[in-house]
Amino acid sequence: MSDVAALQHFVSKYKDLKAEIAKVIVGQDEVVNQILISVFSGGHSLLIGVPGLAKTLMVNTIAQALGLDFKRIQFTPDLMPSDILGSEILDENRHFKFIKGPIFANIILADEINRTPPKTQAALLEAMQERAVTVAGHHYKLELPYFVLATQNPIEQEGTYPLPEAQLDRFMFAINLKYPSFDEEVEVVKTTTSDREVTVNSLFTSKDIIDFQHVIRRIPVADNVVEYAVQMVSKTRPDNSTATTLVKQYIDWGAGPRASQNLILAAKTHAAIQGKFSPDIENVQAVAHSILRHRIIKNYKAEAEGVTEEQIIESLF
């Protein structure tokens, strides 16, 4: 199959996928889109939202529709690295045997990731970056495709361990979940308080997803679009001559090169789901908020004056 035919096939499969997910998830269209863009771009996502917005249900439904193995890890202050990676035990023949932890799945939901100490966060970091883990000196490859979708509660800060910048940078997207609209909430209450059971069909295999990821990576990008993405990221750095006034006033640290890479990859996927054969500047802008909001570090002045990341990113356009 040619790349053009593969992209056209991808567009029709993507529409079916959205319809399958919509059987269970009411609204949240933009959030679902962003999670799927990160999946087909091969990146990880951080979901930020208050409890009760169906983050777990959403990830579980997406995993089912994609036909992927799904595991949920509830992060707690006493969670140890071995609890997620697995550990070696002595078997009946007195040989060490490795028992795999929940990290060995295609989609990992890291629930309330900021509730666990840095040591356990670091164990997850290796899996996210290397798609492999090291236990007792042995290197174990994780099965592809592999995604970490982590959730974070923005309200409770007591007893939490904020994610270090290095780990935040590993997430392609930081996605803000908002409350549903009135009509959506009415629909949610109707469907969840009845006896109706919904079956989510698996529309993809692991191989399909990996194949589509390769097709998306082969999408050509015009030089001016790449330069636009790199310029946008450069403007987030306060010491850069192109930095905007808002950045110079309110930002301590800007985004690194990984942001530029992610902007182009996500723009390719964003273009592909619309049936376009090459991304343009509009596609870059469409994914910019989710890619940059967790990579720019505001200063105290920004906090005091109530300047948001969204306003700063908007100024880069």
# chains A, B, ... in the order shown; residues from 1 in each chain; ligands from 1
$ select_by_dssp --residues "segment 38-221 of chain A" --states "alpha helix (DSSP H)" --output "PyMOL selection string"
chain A and resi 38-41+55-65+81-85+118-130+165-168+182-192+206-217
$ residues_around --residues "segment 183-187 of chain A" --least-positions-apart "4" --cutoff "10 Å" --atoms "only C-alpha atoms" --output "ChimeraX atom specification"
/A:25-28,179,191-192
$ residues_around --residues "Lys207 of chain A" --least-positions-apart "5" --cutoff "9 Å" --atoms "only C-alpha atoms" --output "list of chain:residue names"
A:Leu144, A:Pro145, A:Phe212
$ closest_residue --among "A:Arg115, A:His95, A:Lys23, A:Lys55" --to "Pro77 of chain A" --atoms "only C-alpha atoms"
A:Arg115
$ residues_around --residues "Phe40 of chain A" --least-positions-apart "5" --cutoff "8 Å" --atoms "only C-alpha atoms" --output "list in words"
Ile209, Phe212, Gln213, Ile216 and Thr269 of chain A
$ write_last_selection --atoms "N, CA and C atoms" --output "PDB file, in the first residue's frame"
ATOM      1  N   ILE A 209      -1.076  -0.031  14.582  1.00  0.00           N
ATOM      2  CA  ILE A 209      -0.701   1.244  15.203  1.00  0.00           C
ATOM      3  C   ILE A 209       0.748   1.591  14.856  1.00  0.00           C
ATOM      4  N   PHE A 212       0.951   2.705  11.224  1.00  0.00           N
ATOM      5  CA  PHE A 212       0.450   4.074  11.041  1.00  0.00           C
ATOM      6  C   PHE A 212       1.441   5.105  11.602  1.00  0.00           C
ATOM      7  N   GLN A 213       2.100   4.765  12.712  1.00  0.00           N
ATOM      8  CA  GLN A 213       3.122   5.671  13.272  1.00  0.00           C
ATOM      9  C   GLN A 213       4.240   5.907  12.257  1.00  0.00           C
ATOM     10  N   ILE A 216       2.978   8.148   9.393  1.00  0.00           N
ATOM     11  CA  ILE A 216       2.903   9.551   9.836  1.00  0.00           C
ATOM     12  C   ILE A 216       4.296  10.180   9.880  1.00  0.00           C
ATOM     13  N   THR A 269       0.584  14.406  12.699  1.00  0.00           N
ATOM     14  CA  THR A 269      -0.573  13.562  13.028  1.00  0.00           C
ATOM     15  C   THR A 269      -1.861  14.367  12.935  1.00  0.00           C
TER      16      THR A 269
END
$ atom_distance --atom1 "atom CA of Asn201 of chain A" --atom2 "atom CA of Gly67 of chain A"
8.0 Å
$ closest_residue --among "A:Leu36, A:Leu90, A:Leu46, A:Ala65" --to "Glu20 of chain A" --atoms "only C-alpha atoms"
A:Ala65
$ select_by_dssp --residues "segment 172-267 of chain A" --states "strand (DSSP E or B)" --output "list in words"
Met172, Phe173, Ala174, Ile175, Asn176, Ile251, Asp252 and Trp253 of chain A
$ residues_around --residues "Glu305 of chain A" --least-positions-apart "6" --cutoff "12 Å" --atoms "only C-alpha atoms" --output "number ranges by chain"
A: 246, 249-250, 298-299
$ write_last_selection --atoms "C-alpha atoms" --output "CSV table (one decimal), in the first residue's frame"
chain,number,residue,atom,x,y,z
A,246,LEU,CA,5.3,38.5,28.0
A,249,GLN,CA,8.5,39.5,31.9
A,250,TYR,CA,6.9,36.3,33.2
A,298,LYS,CA,6.5,30.9,35.1
A,299,ASN,CA,8.1,33.3,37.6
